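Engineer: Got a structure for you, questions after.
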Amino acid sequence: MLDNAPKLPPEIARRRTFAIIAHPDAGKTTLTEKFLLFGGAIQMAGQVRAKGEARRTRSDFLKMEQDRGISVSASAMSFEYKEFRFNLVDTPGHSDFSEDTYRTLTAVDAAIMVIDGAKGVESQTRKLFEVCRLRDLPILTFCNKMDRESRDTFDIIDEIQENLAIDVAPASWPIGSGKDFLGAYDLLNDRLEIMDRADRNKVAESVQIKGLDDPKLEEHIPADQLAKLREEIEMARELLPAFDRASFLNGSMTPIWFGSAINSFGVKELMDGIGTYGPEPQPQKAAERPVDAGEPKVTGFVFKVQANMDPKHRDRVAFVRLASGHFERGMKMLHVRSKKPMAVTNPVLFLAADRELADEAYAGDIIGIPNHGQLRIGDALTEGETLRFTGIPSFAPELLQSVRATDPMKAKHLEKALMQFAEEGAAKVFKPMIGSGFIVGVVGALQFEVLASRIELEYGIPVRFEGSAFSSARWISGDEAEIEKLVNVNKQHIGTDNDGDLVFLTRLQWDIDRVVRDYPGVKLTATKELM
Ligand code: G4P
């Protein structure tokens with residue numbers, strides 16, 4: 001990436017904003033917890049889950065998360081590590097929540113890919129990796145669970161190289177696996193790291209070594225394992241590329257560390273890796289111009305809206321990635337979409353312990369802005385300039401179902417609930433011109449269940465999702481006279497989305513083809529631009 005770019009102010013340059021991607025069960029939660037532990041944000045391991053429990057009592061919808069063992073909501077956590085400020089943005093793990101995941105990944109500058117040393121690249125790893133690749137995000141790989149019987153190191157590296165088409169440079173080399181796992185040789189710093197099996201939260205003992213011939217190695221590694229290590233590293237140096245920062249930053253090479261998150265092994269080396277090699281907060285693309293993190297004026301964009309974090313207040317929090325500048329509490333920002341000023345008086349920083357009022361924040365940080373629905377996904381905030389940040393994807397709803405309240409008296413409240421979830425980006429909601437009721441569109445089937453569960457828990461409305469007469473939705477744009485004609489003769493196919501924009505609803509591709517043919521001035525699109 002931009003080694004030749006102008007230097008960023010130090011407060012911004014020290015920021016690292018990243019996400020962890022992993023197939024469920026690879027160890028993302030455990031690794032997150034260790035990050036927070038070493039970042040001083042929690043005092044003992046186990047608090048992340050404990051905190052989850054406490055949150056659950058506040059927001060019951062998370063019961064679903066607990067029951068299914070999936071992470072539905074994404075959040076951001078900030079903590080200090082050495083001279084760096086880390087902003088870790090959590091991505092929901094389940095494939096049905098990929099919309100949210102995609103959007104989350106627009107807010108980060110890098111990703112850590114966690115793989116299980118026994119399983120290698122799994123389906124969800126691959127999917128998430130592809131999303132990162134779309135944005136050329138730099139990726140650091142952590143091969144976890146080396147304390148269990150793992151696959152051959154070369155095998156794992158080959159699999160990543162071949163499956164994901166990315167160069168892999170070993171940053172460390174494991175010494176044994178399973179019960180023979182001793183630790184790793186740090187190839188970037190010529191150090192030997194020895195795992196402490198007695199205390200899972202203790203950081204590994206580190207021994208400075210002068211190369212692989214250093215006799216000190218013999219004091220720590222049994223002869224047969226040492227011979228194997230020497231041989232493997234020699235082979236690795238011959239066969240595998242050496243770490244190259246520029247290739248890492250442009251997304252074509254991933255450094256890999258081998259460790260065991262639960263034993264706190266390899267975690268600090270990984271954290272040092274992100275700190276040392278970056279990236280710093282990157283320029284963000286806007287339709288008008290790229291926005292550099294070092295620009296003095298504050299700009300940012302909403303990449304996620306989460307409602308009912310506190311059900312008592314029915315609040316919504318818009319998660320904003322600051323793209324540039326130094327933000328201070330109370331600043332008057334321009335809400336670009338509505339062209340209205342917005343005083344940001346109570347922004348929240350997600351310090352790991354709890355939410356806290358943010359007095360200031362810098363480019364790269366994620367702040368939460370409580371609001372009553374003005375802020376939507378994709379919205380830009382600036383100090384006056386009209387900017388539209390691009391790259392936040394909108395997804396075509398692939399599954400449509402109609403929804404109704406089992407108690408007809410509650411139909412009105414249902415509309416409110418649906419509109420709110422639509423704003424959050426949790427679903428698309430359509431109101432057909434003919435008939436009553438709503439059609440809900442999602443990307444993954446599990447989203448219906450989550451919605452049903454949330455509508456009941458957060459609004460007290462039991463609902464039922466049912467098959468709908470329609471299976472696809474297309475947004476209508478183009479020549480106004482033609483649109484009017486189309487609407488008038490196709491009322492049974494027309495609806496509006498939650499913003500009041502027109503959509504064409506159908507079950508048959510044939511209908512879509514017919515409109516395209518008969519109304520050349522009308523455009524039907526599968527997604528709607530968010531900005
Ligand atoms: P996820 O968020 O990616 O889904 O994974 P999570 O951290 O929850 O880890 C999944 C399981 O793998 C957990 O076990 C966790 O303890 C275990 N694990 C994580 N890192 C390591 C490691 O380095 N070595 C070994 N051996 N296991 C590891 P669990 O039995 O599902 O949960 P728990 O009862 O331990 O909490």
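Please note that chains go A, B, ... in the order of the structure tokens, that every chain numbers its residues from 1, and that ligands are numbered from 1 in the order shown.
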With a distance cut-off of 10 Å and only C-alpha atoms, select the neighbouring residues of Glu122 in chain A, excluding the residue or stretch itself and same-chain residues fewer than 2 positions from it, and output the selection as a ChimeraX atom specification.

Structural biologist: /A:22-24,26,115-116,119-120,124-127,163

Engineer: Deliver the residues from the most recent selection as a file, using C-alpha atoms, as a compact mmCIF listing (two decimals), in the first residue's frame.

Structural biologist:
```txt
# COMPACT_ATOMS: atom_id res chain seq x y z
CA ALA A 22 -12.70 -17.40 10.90
CA HIS A 23 -14.79 -20.45 10.31
CA PRO A 24 -16.93 -21.06 13.42
CA ALA A 26 -11.53 -21.99 14.84
CA ILE A 115 -7.59 -21.25 10.93
CA ASP A 116 -7.65 -24.44 12.92
CA LYS A 119 -8.70 -28.45 9.72
CA GLY A 120 -6.96 -25.89 7.54
CA GLN A 124 -16.44 -20.03 5.81
CA THR A 125 -12.76 -19.13 5.85
CA ARG A 126 -12.81 -19.15 2.09
CA LYS A 127 -15.96 -17.03 1.78
CA ASN A 163 -7.01 -22.62 -2.09
```

Engineer: Taking only C-alpha atoms and all ligand atoms into account, which residues have an atom no farther than 6 Å from ligand 1? I'd like them as number ranges by chain.

Structural biologist: A: 22, 24-30, 144-145, 147-148, 260-263

Engineer: List the neighbours of range 358-366 of chain A out to 10 Å using only C-alpha atoms; skip same-chain residues closer than 4 positions along the sequence, and give me the result as a count of residues only.

Structural biologist: 57

Engineer: For Gln284 in chain A, which of A:Ile512, A:Val503, A:Ala380, A:Ile209 is the closest residue, counting only C-alpha atoms?

Structural biologist: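 Looking only at the distances to Gln284 in chain A, the closest residue turns out to be A:Ala380.
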
Engineer: Which residues are close to Ala473 in chain A, i.e. within 7 Å by only C-alpha atoms, leaving aside same-chain residues fewer than 6 positions away? Reply as a ChimeraX atom specification.

Structural biologist: /A:503-506,526

Engineer: Could you turn the residues from that selection into a file that holds C-alpha atoms, as a PDB file, in the first residue's frame?

Structural biologist:
```
ATOM      1  CA  VAL A 503     -39.863  -1.948  -6.521  1.00  0.00           C
ATOM      2  CA  PHE A 504     -41.046  -4.530  -9.005  1.00  0.00           C
ATOM      3  CA  LEU A 505     -42.010  -7.786  -7.279  1.00  0.00           C
ATOM      4  CA  THR A 506     -42.341 -11.022  -9.151  1.00  0.00           C
ATOM      5  CA  ALA A 526     -31.242  -6.126  -8.045  1.00  0.00           C
TER       6      ALA A 526
END
```

Engineer: Per DSSP on the backbone, filter range 284-476 of chain A down to the residues in strand (DSSP E) and report them as a ChimeraX atom specification.

Structural biologist: /A:284-285,290-291,299-307,316-324,326-328,332-335,340-343,348-351,354-357,360-362,366-371,380-382,399-405,428-432,438-442,463-467,472-476

Engineer: Skip Glu159 in chain A itself and residues of its chain fewer than 6 positions away, then list as a CSV table (one decimal) with N, CA and C atoms, in the first residue's frame all residues within 10 Å of it, counting only C-alpha atoms.

Structural biologist:
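For reference, result.csv as written:
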```csv
chain,number,residue,atom,x,y,z
A,120,GLY,N,-7.4,-26.7,8.7
A,120,GLY,CA,-7.0,-25.9,7.5
A,120,GLY,C,-8.0,-24.9,7.1
A,121,VAL,N,-8.1,-24.7,5.8
A,121,VAL,CA,-9.0,-23.7,5.2
A,121,VAL,C,-10.4,-24.4,5.1
A,153,THR,N,3.0,-28.7,8.7
A,153,THR,CA,3.1,-27.3,8.5
A,153,THR,C,3.1,-26.9,7.0
A,165,ALA,N,-5.2,-18.7,-3.3
A,165,ALA,CA,-4.3,-18.0,-4.2
A,165,ALA,C,-3.7,-16.8,-3.6
A,168,VAL,N,2.1,-17.2,0.9
A,168,VAL,CA,2.2,-17.4,2.4
A,168,VAL,C,3.6,-17.3,2.8
```

Engineer: Looking at only C-alpha atoms, which of A:Arg376, A:Arg388, A:Lys202, A:Arg133 is the one that sits closest to Val291 in chain A?

Structural biologist: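 The shortest atom-to-atom distance to Val291 in chain A comes from A:Arg388.
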
Engineer: For Glu130 in chain A, list every protein, DNA or RNA residue within 12 Å, evaluated using only C-alpha atoms, and leave out those in the same chain fewer than 6 positions away; present the list as a compact mmCIF listing (two decimals) with all heavy atoms, in the first residue's frame.

Structural biologist:
```
# COMPACT_ATOMS: atom_id res chain seq x y z
N ILE A 21 -11.43 -12.83 11.01
CA ILE A 21 -12.35 -13.69 10.25
C ILE A 21 -11.97 -15.14 10.51
O ILE A 21 -10.79 -15.48 10.63
CB ILE A 21 -12.31 -13.40 8.73
CG1 ILE A 21 -10.90 -13.58 8.15
CG2 ILE A 21 -12.81 -11.99 8.43
CD1 ILE A 21 -10.85 -13.52 6.63
N SER A 98 -23.89 -12.75 6.23
CA SER A 98 -22.79 -12.24 5.44
C SER A 98 -22.96 -10.77 5.08
O SER A 98 -21.99 -10.06 4.95
CB SER A 98 -22.63 -13.07 4.18
OG SER A 98 -23.88 -13.21 3.57
N THR A 101 -21.44 -8.89 7.68
CA THR A 101 -20.00 -9.13 7.65
C THR A 101 -19.34 -8.32 6.54
O THR A 101 -18.31 -7.69 6.75
CB THR A 101 -19.73 -10.62 7.40
OG1 THR A 101 -20.50 -11.35 8.34
CG2 THR A 101 -18.27 -10.94 7.57
N TYR A 102 -19.95 -8.33 5.38
CA TYR A 102 -19.39 -7.57 4.26
C TYR A 102 -19.26 -6.11 4.64
O TYR A 102 -18.24 -5.48 4.40
CB TYR A 102 -20.30 -7.66 3.03
CG TYR A 102 -20.24 -8.97 2.29
CD1 TYR A 102 -21.30 -9.84 2.29
CD2 TYR A 102 -19.11 -9.31 1.55
CE1 TYR A 102 -21.27 -11.04 1.60
CE2 TYR A 102 -19.07 -10.51 0.86
CZ TYR A 102 -20.15 -11.37 0.89
OH TYR A 102 -20.10 -12.55 0.21
N LEU A 105 -16.53 -5.35 7.05
CA LEU A 105 -15.19 -5.37 6.48
C LEU A 105 -14.88 -4.10 5.67
O LEU A 105 -13.73 -3.86 5.33
CB LEU A 105 -14.99 -6.64 5.64
CG LEU A 105 -14.89 -7.92 6.49
CD1 LEU A 105 -14.93 -9.16 5.62
CD2 LEU A 105 -13.62 -7.92 7.34
N ALA A 111 -7.33 -7.65 8.10
CA ALA A 111 -8.06 -8.74 8.75
C ALA A 111 -7.09 -9.80 9.23
O ALA A 111 -6.04 -10.02 8.62
CB ALA A 111 -9.07 -9.36 7.79
N MET A 113 -6.94 -13.74 9.77
CA MET A 113 -7.66 -14.96 9.40
C MET A 113 -7.19 -16.06 10.35
O MET A 113 -6.01 -16.39 10.40
CB MET A 113 -7.33 -15.31 7.94
CG MET A 113 -7.84 -16.64 7.47
SD MET A 113 -7.71 -16.78 5.67
CE MET A 113 -5.97 -17.09 5.46
N SER A 123 -14.90 -23.86 4.78
CA SER A 123 -15.79 -23.16 3.84
C SER A 123 -15.96 -21.68 4.17
O SER A 123 -15.86 -20.81 3.31
CB SER A 123 -17.15 -23.84 3.80
OG SER A 123 -17.72 -23.81 5.10
N GLN A 124 -16.19 -21.42 5.44
CA GLN A 124 -16.44 -20.03 5.81
C GLN A 124 -15.16 -19.18 5.74
O GLN A 124 -15.21 -18.00 5.46
CB GLN A 124 -17.04 -20.01 7.22
CG GLN A 124 -17.65 -18.71 7.64
CD GLN A 124 -18.90 -18.39 6.84
OE1 GLN A 124 -19.32 -19.15 5.97
NE2 GLN A 124 -19.48 -17.24 7.09
N ASP A 136 -8.79 -5.97 -1.49
CA ASP A 136 -7.33 -6.08 -1.33
C ASP A 136 -6.87 -5.83 0.09
O ASP A 136 -5.83 -5.21 0.33
CB ASP A 136 -6.60 -5.12 -2.28
CG ASP A 136 -6.79 -5.48 -3.73
OD1 ASP A 136 -6.92 -6.68 -4.02
OD2 ASP A 136 -6.83 -4.57 -4.57
N LEU A 137 -7.67 -6.27 1.05
CA LEU A 137 -7.30 -6.05 2.45
C LEU A 137 -6.06 -6.87 2.80
O LEU A 137 -5.99 -8.05 2.46
CB LEU A 137 -8.42 -6.53 3.38
CG LEU A 137 -9.55 -5.61 3.78
CD1 LEU A 137 -10.39 -6.31 4.83
CD2 LEU A 137 -9.06 -4.28 4.28
N ILE A 139 -3.96 -9.29 4.94
CA ILE A 139 -4.43 -10.36 5.83
C ILE A 139 -3.27 -10.98 6.59
O ILE A 139 -2.26 -11.35 5.99
CB ILE A 139 -5.17 -11.44 5.03
CG1 ILE A 139 -6.45 -10.82 4.46
CG2 ILE A 139 -5.50 -12.65 5.88
CD1 ILE A 139 -7.25 -11.73 3.60
N ASN A 163 -5.58 -22.87 -2.23
CA ASN A 163 -7.01 -22.62 -2.09
C ASN A 163 -7.38 -21.16 -2.19
O ASN A 163 -8.43 -20.79 -2.69
CB ASN A 163 -7.45 -23.10 -0.71
CG ASN A 163 -8.36 -24.28 -0.81
OD1 ASN A 163 -9.48 -24.11 -1.27
ND2 ASN A 163 -7.88 -25.43 -0.41
N LEU A 164 -6.52 -20.33 -1.66
CA LEU A 164 -6.87 -18.91 -1.60
C LEU A 164 -6.03 -18.07 -2.56
O LEU A 164 -6.22 -16.86 -2.66
CB LEU A 164 -6.71 -18.39 -0.17
CG LEU A 164 -7.48 -19.17 0.90
CD1 LEU A 164 -7.24 -18.59 2.29
CD2 LEU A 164 -8.99 -19.17 0.62
N ALA A 165 -5.16 -18.70 -3.28
CA ALA A 165 -4.32 -18.01 -4.24
C ALA A 165 -3.65 -16.78 -3.64
O ALA A 165 -3.84 -15.64 -4.07
CB ALA A 165 -5.13 -17.63 -5.48
N ILE A 166 -2.92 -17.00 -2.58
CA ILE A 166 -2.17 -15.91 -1.96
C ILE A 166 -0.82 -16.48 -1.52
O ILE A 166 -0.73 -17.67 -1.16
CB ILE A 166 -2.95 -15.35 -0.75
CG1 ILE A 166 -2.27 -14.11 -0.18
CG2 ILE A 166 -3.17 -16.39 0.35
CD1 ILE A 166 -3.14 -13.31 0.77
N GLY A 251 -2.04 -6.96 -0.27
CA GLY A 251 -2.97 -8.07 -0.19
C GLY A 251 -2.53 -9.32 -0.95
O GLY A 251 -3.29 -10.28 -1.03
```

Engineer: Please determine, counting only C-alpha atoms, which residue among A:Leu399, A:Val522, A:Leu414, A:Ile156 has the shortest atom-to-atom distance to Val443 in chain A.

Structural biologist: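 That would be A:Leu399, the residue with the smallest distance to Val443 in chain A.
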
Engineer: Which residues are close to Leu486 in chain A, i.e. within 10 Å by only C-alpha atoms, leaving aside same-chain residues fewer than 3 positions away? Reply as a ChimeraX atom specification.

Structural biologist: /A:476,480-483,489-491,493-494,504,515,518-519,522

Engineer: So, counting only C-alpha atoms, which residue among A:Ala246, A:Leu212, A:Leu400, A:Leu387 is closest to Glu231 in chain A?

Structural biologist: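 Closest candidate: A:Leu212.
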
Engineer: How many Å separate CA of Asp158 in chain A from CA of Glu232 in chain A?

Structural biologist: 14.1 Å

Engineer: Go ahead and compute the interatomic distance for CA of Ile461 in chain A and CA of Arg316 in chain A, in Å to one decimal.

Structural biologist: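 According to the coordinates, CA of Ile461 in chain A and CA of Arg316 in chain A are separated by 19.4 Å.
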
Engineer: My list of candidates is A:Phe129, A:Phe395, A:Phe389, A:Phe438. Which is closest to Asn498 in chain A when distances are computed with only C-alpha atoms?

Structural biologist: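 The shortest atom-to-atom distance to Asn498 in chain A comes from A:Phe438.
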